[in-house]
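Asker: So here's start.tsv (TSV, C-alpha atoms and all ligand atoms).
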chain	number	residue	atom	x	y	z
A	1	MET	CA	-69.45	95.93	16.65
A	2	THR	CA	-66.60	93.92	18.15
A	3	VAL	CA	-63.08	94.71	17.05
A	4	LEU	CA	-60.68	91.89	17.78
A	5	PRO	CA	-57.01	92.77	18.04
A	6	LEU	CA	-55.66	90.51	15.29
A	7	ARG	CA	-51.91	91.08	14.92
A	8	PRO	CA	-51.37	93.81	12.32
A	9	ASP	CA	-49.20	91.53	10.18
A	10	LEU	CA	-52.00	88.95	10.02
A	11	GLN	CA	-54.70	91.34	8.96
A	12	GLY	CA	-56.00	90.48	5.50
A	13	CYS	CA	-54.35	87.03	5.57
A	14	GLU	CA	-56.35	83.96	4.56
A	15	PRO	CA	-55.92	80.57	6.28
A	16	TYR	CA	-53.71	78.31	4.17
A	17	GLY	CA	-55.21	75.38	2.34
A	18	ALA	CA	-56.36	73.94	-0.95
A	19	PRO	CA	-60.11	73.87	-1.69
A	20	GLU	CA	-61.76	70.84	-0.01
A	21	LEU	CA	-64.27	69.74	-2.62
A	22	ASP	CA	-66.21	66.51	-2.68
A	23	VAL	CA	-65.49	65.31	-6.20
A	24	PRO	CA	-64.89	61.79	-7.56
A	25	VAL	CA	-61.19	62.23	-8.42
A	26	ARG	CA	-59.12	64.16	-5.89
A	27	LEU	CA	-55.57	64.71	-7.06
A	28	ASN	CA	-54.84	68.04	-5.38
A	29	VAL	CA	-53.06	67.47	-2.04
A	30	ASN	CA	-50.55	64.73	-2.86
A	31	GLU	CA	-52.16	61.99	-0.81
A	32	ASN	CA	-51.71	58.27	-1.33
A	33	PRO	CA	-54.93	57.16	-3.10
A	34	TYR	CA	-54.93	53.71	-1.47
A	35	PRO	CA	-56.68	53.43	1.91
A	36	PRO	CA	-55.44	50.92	4.51
A	37	SER	CA	-56.84	47.42	4.06
A	38	PRO	CA	-59.72	46.41	6.38
A	39	ALA	CA	-57.27	44.20	8.35
A	40	VAL	CA	-54.81	47.06	8.90
A	41	ALA	CA	-57.63	49.47	9.74
A	42	ALA	CA	-58.95	46.96	12.29
A	43	ASP	CA	-55.54	46.61	13.88
A	44	ILE	CA	-55.15	50.38	14.17
A	45	ALA	CA	-58.65	50.60	15.66
A	46	ALA	CA	-57.78	47.91	18.23
A	47	ALA	CA	-54.63	49.81	19.25
A	48	VAL	CA	-56.61	53.02	19.59
A	49	GLY	CA	-59.18	51.10	21.65
A	50	ARG	CA	-56.47	49.98	24.08
A	51	ALA	CA	-55.19	53.56	24.32
A	52	ALA	CA	-58.75	54.75	25.00
A	53	ALA	CA	-58.81	52.78	28.25
A	54	GLY	CA	-56.09	55.08	29.61
A	55	LEU	CA	-57.28	58.42	28.27
A	56	ASN	CA	-57.77	59.83	31.78
A	57	ARG	CA	-53.95	60.17	31.82
A	58	TYR	CA	-51.79	62.46	29.73
A	59	PRO	CA	-49.84	60.64	27.00
A	60	ASP	CA	-46.19	59.69	27.11
A	61	ARG	CA	-44.57	63.11	26.77
A	62	ASP	CA	-41.32	61.98	25.14
A	63	PHE	CA	-42.81	58.90	23.40
A	64	PRO	CA	-39.62	56.75	23.16
A	65	ALA	CA	-41.55	53.75	21.82
A	66	LEU	CA	-42.80	55.66	18.79
A	67	ARG	CA	-39.42	57.33	18.24
A	68	SER	CA	-37.74	53.89	18.27
A	69	ALA	CA	-40.28	52.52	15.80
A	70	LEU	CA	-39.66	55.50	13.50
A	71	ALA	CA	-35.88	54.91	13.77
A	72	ASP	CA	-36.45	51.27	12.76
A	73	TYR	CA	-38.56	52.41	9.83
A	74	LEU	CA	-35.84	54.80	8.59
A	75	ASP	CA	-33.28	52.03	8.89
A	76	ALA	CA	-35.45	49.76	6.72
A	77	GLU	CA	-36.33	52.52	4.24
A	78	ALA	CA	-33.02	54.37	3.83
A	79	GLY	CA	-30.48	52.01	5.40
A	80	VAL	CA	-29.49	54.55	8.06
A	81	ARG	CA	-29.44	53.44	11.70
A	82	LEU	CA	-30.21	56.26	14.13
A	83	ASP	CA	-30.68	56.31	17.88
A	84	TRP	CA	-34.28	56.96	19.01
A	85	ARG	CA	-33.09	60.17	20.69
A	86	GLN	CA	-32.20	61.45	17.21
A	87	ILE	CA	-35.86	61.26	16.19
A	88	TRP	CA	-38.60	63.74	16.99
A	89	ALA	CA	-42.26	63.75	15.96
A	90	ALA	CA	-45.31	66.00	15.98
A	91	ASN	CA	-48.71	66.43	14.36
A	92	GLY	CA	-47.54	66.42	10.76
A	93	SER	CA	-44.16	67.55	9.48
A	94	ASN	CA	-45.71	71.01	9.30
A	95	GLU	CA	-45.73	71.11	13.08
A	96	VAL	CA	-42.19	69.71	13.26
A	97	MET	CA	-40.90	72.47	10.97
A	98	LEU	CA	-42.82	75.13	12.88
A	99	GLN	CA	-41.06	73.87	16.02
A	100	VAL	CA	-37.70	74.20	14.20
A	101	LEU	CA	-38.52	77.83	13.46
A	102	GLN	CA	-39.77	78.36	17.03
A	103	ALA	CA	-36.48	77.05	18.40
A	104	PHE	CA	-34.04	78.59	15.94
A	105	GLY	CA	-35.84	81.47	14.20
A	106	GLY	CA	-37.36	84.52	15.83
A	107	PRO	CA	-37.18	88.32	15.73
A	108	GLY	CA	-34.04	89.60	14.03
A	109	ARG	CA	-33.38	86.20	12.44
A	110	SER	CA	-34.06	84.85	8.98
A	111	CYS	CA	-35.05	81.67	7.21
A	112	LEU	CA	-33.79	81.03	3.68
A	113	SER	CA	-35.51	78.92	1.05
A	114	PHE	CA	-35.54	78.44	-2.72
A	115	THR	CA	-38.48	79.23	-4.95
A	116	PRO	CA	-40.70	77.86	-6.30
A	117	THR	CA	-41.20	75.73	-3.21
A	118	TYR	CA	-43.71	74.65	-0.57
A	119	SER	CA	-45.94	77.55	0.33
A	120	MET	CA	-46.10	76.80	4.06
A	121	TYR	CA	-42.47	77.81	4.64
A	122	PRO	CA	-43.26	81.55	4.66
A	123	GLU	CA	-46.06	80.83	7.11
A	124	TYR	CA	-43.76	79.11	9.62
A	125	ALA	CA	-41.54	82.17	9.32
A	126	ARG	CA	-44.40	84.65	9.70
A	127	ASP	CA	-45.78	82.82	12.72
A	128	THR	CA	-42.41	82.91	14.49
A	129	PHE	CA	-41.52	86.52	13.52
A	130	THR	CA	-38.66	85.22	11.39
A	131	ARG	CA	-37.76	87.07	8.18
A	132	TYR	CA	-38.35	84.86	5.13
A	133	VAL	CA	-35.77	85.24	2.39
A	134	THR	CA	-35.87	83.43	-0.95
A	135	VAL	CA	-33.45	82.74	-3.77
A	136	ALA	CA	-34.74	81.51	-7.12
A	137	ARG	CA	-33.93	78.02	-8.31
A	138	ARG	CA	-32.44	77.54	-11.75
A	139	GLU	CA	-34.77	77.29	-14.73
A	140	ASP	CA	-34.86	73.48	-14.37
A	141	PHE	CA	-35.56	73.91	-10.61
A	142	THR	CA	-32.17	72.57	-9.50
A	143	LEU	CA	-30.09	74.59	-7.03
A	144	ASP	CA	-26.98	76.54	-7.87
A	145	THR	CA	-24.97	75.67	-4.75
A	146	ASP	CA	-22.59	78.62	-5.29
A	147	ALA	CA	-25.58	80.97	-5.26
A	148	VAL	CA	-26.90	79.20	-2.16
A	149	ALA	CA	-23.54	79.58	-0.40
A	150	ALA	CA	-23.41	83.26	-1.35
A	151	ALA	CA	-26.93	83.81	0.01
A	152	ILE	CA	-26.02	82.05	3.26
A	153	GLU	CA	-22.95	84.21	3.63
A	154	ARG	CA	-24.95	87.35	2.92
A	155	GLU	CA	-28.03	86.58	5.02
A	156	ARG	CA	-26.56	84.52	7.86
A	157	PRO	CA	-29.89	82.73	8.22
A	158	ALA	CA	-30.80	80.77	11.33
A	159	VAL	CA	-32.56	78.14	9.21
A	160	VAL	CA	-32.27	77.02	5.57
A	161	ILE	CA	-35.11	74.87	4.24
A	162	LEU	CA	-34.47	72.63	1.24
A	163	ALA	CA	-37.37	70.53	0.03
A	164	SER	CA	-36.15	67.34	-1.65
A	165	PRO	CA	-38.10	66.21	-3.60
A	166	ASN	CA	-39.36	69.75	-3.93
A	167	ASN	CA	-43.04	70.66	-3.97
A	168	PRO	CA	-44.44	71.64	-6.49
A	169	THR	CA	-41.67	70.75	-8.94
A	170	GLY	CA	-40.75	67.17	-7.89
A	171	THR	CA	-37.01	67.95	-8.05
A	172	ALA	CA	-34.71	65.92	-5.76
A	173	LEU	CA	-31.34	67.31	-4.66
A	174	PRO	CA	-28.12	65.37	-5.23
A	175	LEU	CA	-26.41	64.47	-1.95
A	176	ASP	CA	-23.31	66.41	-2.99
A	177	ASP	CA	-25.41	69.59	-3.22
A	178	VAL	CA	-26.84	69.07	0.26
A	179	ALA	CA	-23.33	68.37	1.61
A	180	ALA	CA	-22.01	71.54	-0.07
A	181	ILE	CA	-24.82	73.59	1.49
A	182	LEU	CA	-24.14	72.05	4.90
A	183	GLU	CA	-20.50	73.10	4.58
A	184	ALA	CA	-21.52	76.62	3.56
A	185	ALA	CA	-23.88	76.74	6.57
A	186	ARG	CA	-21.08	75.95	9.00
A	187	GLY	CA	-20.25	79.03	11.05
A	188	HIS	CA	-22.64	81.15	8.98
A	189	GLY	CA	-25.67	81.11	11.24
A	190	PRO	CA	-27.06	84.24	12.92
A	191	ASP	CA	-24.32	86.36	14.43
A	192	ASP	CA	-26.42	87.21	17.49
A	193	ALA	CA	-25.99	83.65	18.66
A	194	ALA	CA	-22.42	83.68	19.87
A	195	ALA	CA	-22.59	81.69	23.07
A	196	GLY	CA	-18.85	81.03	22.96
A	197	PRO	CA	-15.82	81.61	20.78
A	198	ASP	CA	-17.23	79.71	17.77
A	199	PRO	CA	-19.74	81.29	15.39
A	200	ALA	CA	-23.14	79.59	15.13
A	201	ASP	CA	-24.01	77.28	12.25
A	202	CYS	CA	-27.28	77.66	10.45
A	203	VAL	CA	-29.69	74.76	10.77
A	204	VAL	CA	-30.30	73.07	7.42
A	205	VAL	CA	-33.66	71.32	7.12
A	206	VAL	CA	-34.05	68.87	4.25
A	207	ASP	CA	-37.80	68.38	3.90
A	208	GLU	CA	-38.23	64.83	2.59
A	209	ALA	CA	-42.01	64.66	2.86
A	210	TYR	CA	-41.98	62.81	-0.50
A	211	GLY	CA	-38.67	60.99	0.10
A	212	GLU	CA	-40.04	57.47	-0.35
A	213	PHE	CA	-41.10	58.26	-3.93
A	214	ARG	CA	-37.53	59.05	-5.04
A	215	ARG	CA	-36.25	57.12	-8.03
A	216	PRO	CA	-33.83	54.23	-7.53
A	217	GLY	CA	-30.32	55.52	-7.02
A	218	VAL	CA	-31.43	58.86	-5.57
A	219	PRO	CA	-30.12	58.87	-1.99
A	220	SER	CA	-31.81	60.33	1.08
A	221	ALA	CA	-30.14	63.14	3.04
A	222	LEU	CA	-30.44	60.76	6.01
A	223	GLU	CA	-27.19	59.26	4.74
A	224	LEU	CA	-25.43	62.50	5.68
A	225	LEU	CA	-26.63	62.11	9.26
A	226	ALA	CA	-24.68	58.89	9.53
A	227	ARG	CA	-21.38	60.58	8.57
A	228	THR	CA	-18.89	61.13	11.37
A	229	ASP	CA	-15.50	62.82	11.57
A	230	ALA	CA	-12.21	61.12	12.48
A	231	ALA	CA	-13.04	61.49	16.18
A	232	GLY	CA	-16.41	59.79	15.70
A	233	ALA	CA	-18.42	63.01	16.16
A	234	HIS	CA	-21.39	63.91	13.94
A	235	ARG	CA	-20.16	65.57	10.79
A	236	TYR	CA	-23.39	67.55	10.38
A	237	PRO	CA	-24.98	68.29	13.77
A	238	HIS	CA	-26.80	71.19	12.10
A	239	LEU	CA	-28.71	68.91	9.66
A	240	ALA	CA	-32.35	67.97	10.20
A	241	VAL	CA	-34.25	65.69	7.82
A	242	THR	CA	-38.03	65.82	8.06
A	243	ARG	CA	-40.34	63.04	6.93
A	244	THR	CA	-44.05	62.32	7.21
A	245	MET	CA	-46.49	59.44	7.36
A	246	SER	CA	-48.92	61.56	5.27
A	247	LYS	CA	-47.68	60.69	1.78
A	248	ALA	CA	-46.08	57.36	0.75
A	249	PHE	CA	-47.18	55.80	4.03
A	250	GLY	CA	-50.80	56.57	3.24
A	251	MET	CA	-51.68	58.03	6.65
A	252	ALA	CA	-52.44	61.71	5.93
A	253	GLY	CA	-55.41	61.58	8.30
A	254	LEU	CA	-53.20	60.51	11.19
A	255	ARG	CA	-51.17	63.75	11.27
A	256	LEU	CA	-47.80	62.28	12.10
A	257	GLY	CA	-44.63	63.90	10.86
A	258	TYR	CA	-41.12	63.46	12.18
A	259	LEU	CA	-37.55	64.65	12.06
A	260	ALA	CA	-34.15	63.02	12.26
A	261	GLY	CA	-31.14	65.00	13.42
A	262	SER	CA	-28.41	65.16	16.02
A	263	ARG	CA	-29.45	64.50	19.61
A	264	GLU	CA	-28.42	68.05	20.43
A	265	LEU	CA	-30.79	69.51	17.84
A	266	VAL	CA	-33.67	67.24	18.88
A	267	ASP	CA	-33.22	68.24	22.53
A	268	MET	CA	-33.47	71.89	21.52
A	269	LEU	CA	-36.83	71.21	19.84
A	270	ARG	CA	-38.08	69.70	23.08
A	271	ILE	CA	-37.77	73.15	24.66
A	272	VAL	CA	-40.49	74.64	22.42
A	273	ARG	CA	-42.91	71.73	22.02
A	274	LEU	CA	-46.14	72.05	23.96
A	275	PRO	CA	-46.38	69.52	26.77
A	276	TYR	CA	-48.09	66.31	25.57
A	277	HIS	CA	-48.42	67.64	22.03
A	278	LEU	CA	-48.70	64.14	20.55
A	279	SER	CA	-51.91	62.54	21.79
A	280	ALA	CA	-52.10	58.97	23.12
A	281	VAL	CA	-54.46	58.23	20.22
A	282	SER	CA	-51.93	59.47	17.65
A	283	GLN	CA	-49.09	57.56	19.28
A	284	ALA	CA	-51.06	54.30	19.40
A	285	ALA	CA	-52.33	54.63	15.83
A	286	ALA	CA	-48.87	55.52	14.49
A	287	LEU	CA	-47.23	52.56	16.25
A	288	ALA	CA	-49.87	50.19	14.91
A	289	ALA	CA	-49.52	51.61	11.39
A	290	LEU	CA	-45.71	51.31	11.50
A	291	ALA	CA	-46.07	47.62	12.35
A	292	HIS	CA	-47.81	47.25	8.95
A	293	ARG	CA	-45.33	49.30	6.98
A	294	GLU	CA	-44.82	46.74	4.24
A	295	GLU	CA	-48.48	46.55	3.40
A	296	LEU	CA	-49.06	50.30	3.71
A	297	MET	CA	-46.11	51.03	1.43
A	298	SER	CA	-46.89	48.26	-1.06
A	299	GLN	CA	-48.27	50.66	-3.68
A	300	VAL	CA	-45.28	53.02	-3.71
A	301	ALA	CA	-43.57	51.20	-6.60
A	302	SER	CA	-46.73	51.24	-8.74
A	303	LEU	CA	-47.31	54.93	-7.92
A	304	ARG	CA	-43.78	55.67	-9.12
A	305	GLU	CA	-44.47	53.81	-12.37
A	306	GLU	CA	-47.76	55.62	-12.82
A	307	ARG	CA	-45.94	58.94	-12.26
A	308	ASP	CA	-43.27	58.20	-14.86
A	309	ALA	CA	-45.95	57.08	-17.35
A	310	LEU	CA	-47.82	60.33	-16.68
A	311	VAL	CA	-44.74	62.44	-17.49
A	312	THR	CA	-44.29	60.50	-20.75
A	313	TRP	CA	-47.96	60.90	-21.66
A	314	LEU	CA	-48.06	64.64	-20.90
A	315	ARG	CA	-44.97	65.17	-23.06
A	316	ALA	CA	-46.51	63.16	-25.87
A	317	GLN	CA	-49.47	65.57	-25.73
A	318	GLY	CA	-47.03	68.41	-26.30
A	319	TRP	CA	-46.89	69.78	-22.76
A	320	THR	CA	-43.83	70.42	-20.67
A	321	ALA	CA	-43.82	67.98	-17.75
A	322	TYR	CA	-40.98	67.96	-15.25
A	323	GLU	CA	-39.23	64.78	-14.12
A	324	SER	CA	-40.44	64.02	-10.62
A	325	ASP	CA	-39.11	62.13	-7.60
A	326	ALA	CA	-42.38	62.72	-5.77
A	327	ASN	CA	-45.98	61.54	-6.27
A	328	PHE	CA	-47.02	64.51	-8.38
A	329	VAL	CA	-46.08	66.14	-11.66
A	330	LEU	CA	-45.87	69.82	-12.59
A	331	PHE	CA	-46.99	70.45	-16.16
A	332	GLY	CA	-47.98	73.22	-18.55
A	333	PRO	CA	-47.76	75.93	-19.65
A	334	PHE	CA	-51.37	76.99	-20.21
A	335	ALA	CA	-52.43	80.42	-21.38
A	336	ASP	CA	-55.26	80.28	-18.81
A	337	ARG	CA	-54.46	77.69	-16.17
A	338	GLU	CA	-57.47	78.65	-14.05
A	339	ALA	CA	-59.75	77.76	-16.98
A	340	VAL	CA	-58.06	74.37	-17.40
A	341	TRP	CA	-58.34	73.73	-13.65
A	342	GLN	CA	-62.05	74.64	-13.73
A	343	GLY	CA	-62.66	72.54	-16.85
A	344	LEU	CA	-61.14	69.49	-15.12
A	345	LEU	CA	-63.19	70.17	-12.01
A	346	ASP	CA	-66.35	70.33	-14.12
A	347	ARG	CA	-65.46	66.77	-15.16
A	348	GLY	CA	-64.99	65.64	-11.57
A	349	VAL	CA	-61.19	65.90	-11.44
A	350	LEU	CA	-59.62	68.18	-8.82
A	351	ILE	CA	-55.97	69.19	-9.26
A	352	ARG	CA	-53.97	72.19	-7.98
A	353	VAL	CA	-53.17	75.63	-9.33
A	354	VAL	CA	-49.67	76.12	-7.92
A	355	GLY	CA	-46.15	76.83	-9.09
A	356	PRO	CA	-44.84	79.05	-11.86
A	357	ASP	CA	-47.31	81.02	-13.97
A	358	GLY	CA	-49.22	78.86	-16.42
A	359	TYR	CA	-48.43	75.57	-14.66
A	360	LEU	CA	-50.59	73.05	-12.83
A	361	ARG	CA	-49.75	70.22	-10.44
A	362	VAL	CA	-51.43	66.85	-10.53
A	363	CYS	CA	-50.94	64.16	-7.95
A	364	VAL	CA	-50.67	60.49	-8.93
A	365	GLY	CA	-53.81	58.49	-8.14
A	366	THR	CA	-55.00	55.00	-9.01
A	367	PRO	CA	-54.82	53.85	-12.67
A	368	GLN	CA	-58.58	54.51	-12.97
A	369	GLU	CA	-58.21	58.04	-11.56
A	370	MET	CA	-55.35	58.76	-13.94
A	371	GLU	CA	-57.42	57.60	-16.87
A	372	ARG	CA	-60.16	60.03	-15.88
A	373	PHE	CA	-57.60	62.79	-15.52
A	374	ARG	CA	-56.12	62.10	-18.97
A	375	ASP	CA	-59.54	61.96	-20.63
A	376	ALA	CA	-60.64	65.17	-18.93
A	377	LEU	CA	-57.43	67.01	-19.86
A	378	VAL	CA	-57.72	65.99	-23.53
A	379	HIS	CA	-61.33	67.14	-23.52
A	380	VAL	CA	-60.60	70.47	-21.82
A	381	THR	CA	-57.59	71.36	-23.95
A	382	THR	CA	-58.76	70.09	-27.34
A	383	GLY	CA	-62.52	69.88	-27.00
A	384	ALA	CA	-62.33	66.23	-28.11
A	385	ASP	CA	-64.04	63.37	-26.27
A	401	LIG	N1	-43.50	69.37	3.18
A	401	LIG	C1	-43.96	69.38	1.95
A	401	LIG	C2	-43.02	69.66	0.83
A	401	LIG	C3	-45.32	69.14	1.71
A	401	LIG	O1	-45.78	69.18	0.46
A	401	LIG	C4	-46.18	68.88	2.80
A	401	LIG	C5	-47.66	68.61	2.64
A	401	LIG	N2	-48.27	69.02	1.53
A	401	LIG	C6	-45.63	68.89	4.08
A	401	LIG	C7	-44.29	69.13	4.24
A	401	LIG	C8	-46.47	68.71	5.30
A	401	LIG	O2	-47.04	67.49	5.43
A	401	LIG	P1	-47.61	66.93	6.81
A	401	LIG	O3	-47.79	68.08	7.75
A	401	LIG	O4	-48.86	66.25	6.43
A	401	LIG	O5	-46.54	65.99	7.31
Could you write out this file's structure as structure tokens?
Ligand code: PMP
Answerer:
Amino acid sequence: MTVLPLRPDLQGCEPYGAPELDVPVRLNVNENPYPPSPAVAADIAAAVGRAAAGLNRYPDRDFPALRSALADYLDAEAGVRLDWRQIWAANGSNEVMLQVLQAFGGPGRSCLSFTPTYSMYPEYARDTFTRYVTVARREDFTLDTDAVAAAIERERPAVVILASPNNPTGTALPLDDVAAILEAARGHGPDDAAAGPDPADCVVVVDEAYGEFRRPGVPSALELLARTDAAGAHRYPHLAVTRTMSKAFGMAGLRLGYLAGSRELVDMLRIVRLPYHLSAVSQAAALAALAHREELMSQVASLREERDALVTWLRAQGWTAYESDANFVLFGPFADREAVWQGLLDRGVLIRVVGPDGYLRVCVGTPQEMERFRDALVHVTTGAD
């Protein structure tokens, strides 16, 4: 028998991922339910075809054209103008955040986050030998910034990850809270880092994978990146905001996530990226998709409305449903959430068992999909048809 030397800390671990089941209504991984139109798909295919003619060559390693197009997109979406050198991208925001941990985490260092939150964060930490430390959110899933500041002071983490809107709760962070955490992070990074007289800051990542679904009036942390001090220098060079084309943009299959931060921080990520990590096919497809941003994002407003209607409906049924700034809703509690999940699946509706005990998360689909979900939930929980 072969014995392979899997790292001791990985023994017994399962690969991360939700069940991939072929059912009619898939509401389990927070995708956009609307595929690109045939015209947009054809345009992306044509761009990929042009890239195919040059596939004997490695792709553009620093991909300025795509970074500029992403900067233009952020300007249009959040009203924040950034230089292309402040943008970085990789195969999904998962890879971007892993790169952040590769650059700033490591043995003897820690990463701080706030539970319940996205379950990949501990995996980035594990994979980079970074200690993962958590602090609980308040009962309503908001953050107590004094408790966050105290944890930063105590732990001196290299990286703090704040998901906003948070997965699986849908909670967005007020800008003042993010600014307060950025202030607390100043000079409170790992104390092994002293390269000069000043103590290190800790890097604060605001994961805005669901940012485009935020309600009107809820600002993006990108606005903090635009703030400068009296001398014109970045006020928060230790801030990184991650985004993705997987959710509102409707391009989960493309695997394109990105980050906005100071040029200094982005240049540090370039040290750990693998050479040519973003394929010519990905770059071409992403550029073509970005050129159609208005069409690809055209359903975001209706998805938001569908989400708010879902919260209202769930509450009317007597469940607790949390306000959400994302494209999913956390609801419950159920005495046996696994049984409810299975009952829905038996009726062709796949959702996710995640979050606090007794709760389930459902992603917002098309009106027809939501009708099937509502009918199935009524049936499963009351036995009525
Ligand atoms: N952050 C959060 C909070 C997420 O929920 C997800 C995907 N489920 C990601 C990041 C990663 O998305 P991607 O790698 O597709 O960009």
Asker: Just the residues within 12 Å of Asp177 in chain A, please, counting only C-alpha atoms, with nothing from its chain fewer than 6 positions along; format it as number ranges by chain.
Answerer: A: 142-149, 162, 164, 183-184, 206, 219, 221, 224
Asker: Give me, as JSON lines, the closest atom pair and its distance (Å, one decimal) for every residue of range 238-319 of chain A within a cut-off of 10 Å of range 330-335 of chain A, counting all atoms listed in the file, rows sorted by chain and rising number.
Answerer:
{"residue": "A:Val311", "atom": "CA", "partner": "A:Phe331", "partner_atom": "CA", "distance": 8.4}
{"residue": "A:Leu314", "atom": "CA", "partner": "A:Phe331", "partner_atom": "CA", "distance": 7.6}
{"residue": "A:Arg315", "atom": "CA", "partner": "A:Phe331", "partner_atom": "CA", "distance": 8.9}
{"residue": "A:Gly318", "atom": "CA", "partner": "A:Gly332", "partner_atom": "CA", "distance": 9.2}
{"residue": "A:Trp319", "atom": "CA", "partner": "A:Gly332", "partner_atom": "CA", "distance": 5.5}
Asker: Could you give me, as JSON, numbers by chain, the residues within 12 Å of Glu294 in chain A, counting only C-alpha atoms and dropping anything in the same chain fewer than 3 positions from it?
Answerer: {"A": [36, 40, 73, 76, 77, 248, 249, 250, 289, 290, 291, 297, 298, 299, 300, 301]}
Asker: Could you please extract the residues within 8 Å of ligand LIG 401 (chain A), counting all atoms listed in the file, and hand them back as an mmCIF file with C-alpha atoms, in the coordinates of the input?
Answerer:
data_model
loop_
_atom_site.group_PDB
_atom_site.id
_atom_site.type_symbol
_atom_site.label_atom_id
_atom_site.label_comp_id
_atom_site.auth_asym_id
_atom_site.auth_seq_id
_atom_site.Cartn_x
_atom_site.Cartn_y
_atom_site.Cartn_z
ATOM 1 C CA VAL A 29 -53.060 67.470 -2.040
ATOM 2 C CA ASN A 30 -50.550 64.730 -2.860
ATOM 3 C CA ASN A 91 -48.710 66.430 14.360
ATOM 4 C CA GLY A 92 -47.540 66.420 10.760
ATOM 5 C CA SER A 93 -44.160 67.550 9.480
ATOM 6 C CA ASN A 94 -45.710 71.010 9.300
ATOM 7 C CA GLU A 95 -45.730 71.110 13.080
ATOM 8 C CA THR A 117 -41.200 75.730 -3.210
ATOM 9 C CA TYR A 118 -43.710 74.650 -0.570
ATOM 10 C CA MET A 120 -46.100 76.800 4.060
ATOM 11 C CA ALA A 163 -37.370 70.530 0.030
ATOM 12 C CA SER A 164 -36.150 67.340 -1.650
ATOM 13 C CA PRO A 165 -38.100 66.210 -3.600
ATOM 14 C CA ASN A 166 -39.360 69.750 -3.930
ATOM 15 C CA ASN A 167 -43.040 70.660 -3.970
ATOM 16 C CA PRO A 168 -44.440 71.640 -6.490
ATOM 17 C CA ASP A 207 -37.800 68.380 3.900
ATOM 18 C CA GLU A 208 -38.230 64.830 2.590
ATOM 19 C CA ALA A 209 -42.010 64.660 2.860
ATOM 20 C CA TYR A 210 -41.980 62.810 -0.500
ATOM 21 C CA ARG A 243 -40.340 63.040 6.930
ATOM 22 C CA THR A 244 -44.050 62.320 7.210
ATOM 23 C CA MET A 245 -46.490 59.440 7.360
ATOM 24 C CA SER A 246 -48.920 61.560 5.270
ATOM 25 C CA LYS A 247 -47.680 60.690 1.780
ATOM 26 C CA ALA A 252 -52.440 61.710 5.930
ATOM 27 C CA ARG A 255 -51.170 63.750 11.270
ATOM 28 C CA LEU A 256 -47.800 62.280 12.100
ATOM 29 C CA GLY A 257 -44.630 63.900 10.860
ATOM 30 C CA TYR A 258 -41.120 63.460 12.180
#
Asker: Which of these, A:Ala78, A:Ile87, A:Leu4, A:Leu70, has the shortest distance to Phe213 in chain A once you count all atoms listed in the file?
Answerer: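 Counting all atoms listed in the file, the residue closest to Phe213 in chain A is A:Ala78.
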Asker: Compile the contact shell of Ala280 in chain A as number ranges by chain: residues with an atom at most 10 Å away, counting all atoms listed in the file, same-chain residues fewer than 5 positions apart removed.
Answerer: A: 48, 51-52, 54-55, 57-61, 63, 285-286
Asker: Any idea what the distance is between CA of Thr134 in chain A and CA of Ile181 in chain A?
Answerer: 15.0 Å
Asker: Skip Met268 in chain A itself and residues of its chain fewer than 4 positions away, then list as a ChimeraX atom specification all residues within 9 Å of it, counting all atoms listed in the file.
Answerer: /A:100,103-104,263-264,272
Asker: For Val96 in chain A, which residue out of A:Leu173, A:Leu21, A:Ala46, A:Ala260 is the nearest one, using only C-alpha atoms?
Answerer: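 Of the candidates, the smallest distance to Val96 in chain A is held by A:Ala260.
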Asker: CA of Arg361 in chain A to CA of Ala179 in chain A: how many Å, to one decimal?
Answerer: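 It comes out at 29.1 Å.
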Asker: With all atoms listed in the file as the atoms that count, which of A:Leu182, A:Ala71, A:Leu27, A:Val329 lies nearest to Pro237 in chain A?
Answerer: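 For Pro237 in chain A, the nearest of the given residues is A:Leu182.
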Asker: Compare A:Asp140, A:Glu306, A:Glu31, A:Glu295 by their minimum atom-to-atom distance to Met251 in chain A, counting all atoms listed in the file, and give me the closest one.
Answerer: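 The answer is A:Glu31, which sits nearest to Met251 in chain A.
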Asker: For Leu274 in chain A, find every residue with an atom within 12 Å (counting only C-alpha atoms), except residues of its own chain fewer than 2 positions away, and show them as an MDAnalysis selection string.
Answerer: chainID A and resid 61:62 90:91 95:96 98:99 102 269:272 276:279
Asker: Go ahead and save the picked residues with C-alpha atoms, as a PDB file, keeping the file's coordinate frame.
Answerer:
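Written output follows (selection-v2.pdb):
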ATOM      1  CA  ARG A  61     -44.570  63.110  26.770  1.00  0.00           C
ATOM      2  CA  ASP A  62     -41.320  61.980  25.140  1.00  0.00           C
ATOM      3  CA  ALA A  90     -45.310  66.000  15.980  1.00  0.00           C
ATOM      4  CA  ASN A  91     -48.710  66.430  14.360  1.00  0.00           C
ATOM      5  CA  GLU A  95     -45.730  71.110  13.080  1.00  0.00           C
ATOM      6  CA  VAL A  96     -42.190  69.710  13.260  1.00  0.00           C
ATOM      7  CA  LEU A  98     -42.820  75.130  12.880  1.00  0.00           C
ATOM      8  CA  GLN A  99     -41.060  73.870  16.020  1.00  0.00           C
ATOM      9  CA  GLN A 102     -39.770  78.360  17.030  1.00  0.00           C
ATOM     10  CA  LEU A 269     -36.830  71.210  19.840  1.00  0.00           C
ATOM     11  CA  ARG A 270     -38.080  69.700  23.080  1.00  0.00           C
ATOM     12  CA  ILE A 271     -37.770  73.150  24.660  1.00  0.00           C
ATOM     13  CA  VAL A 272     -40.490  74.640  22.420  1.00  0.00           C
ATOM     14  CA  TYR A 276     -48.090  66.310  25.570  1.00  0.00           C
ATOM     15  CA  HIS A 277     -48.420  67.640  22.030  1.00  0.00           C
ATOM     16  CA  LEU A 278     -48.700  64.140  20.550  1.00  0.00           C
ATOM     17  CA  SER A 279     -51.910  62.540  21.790  1.00  0.00           C
TER      18      SER A 279
END
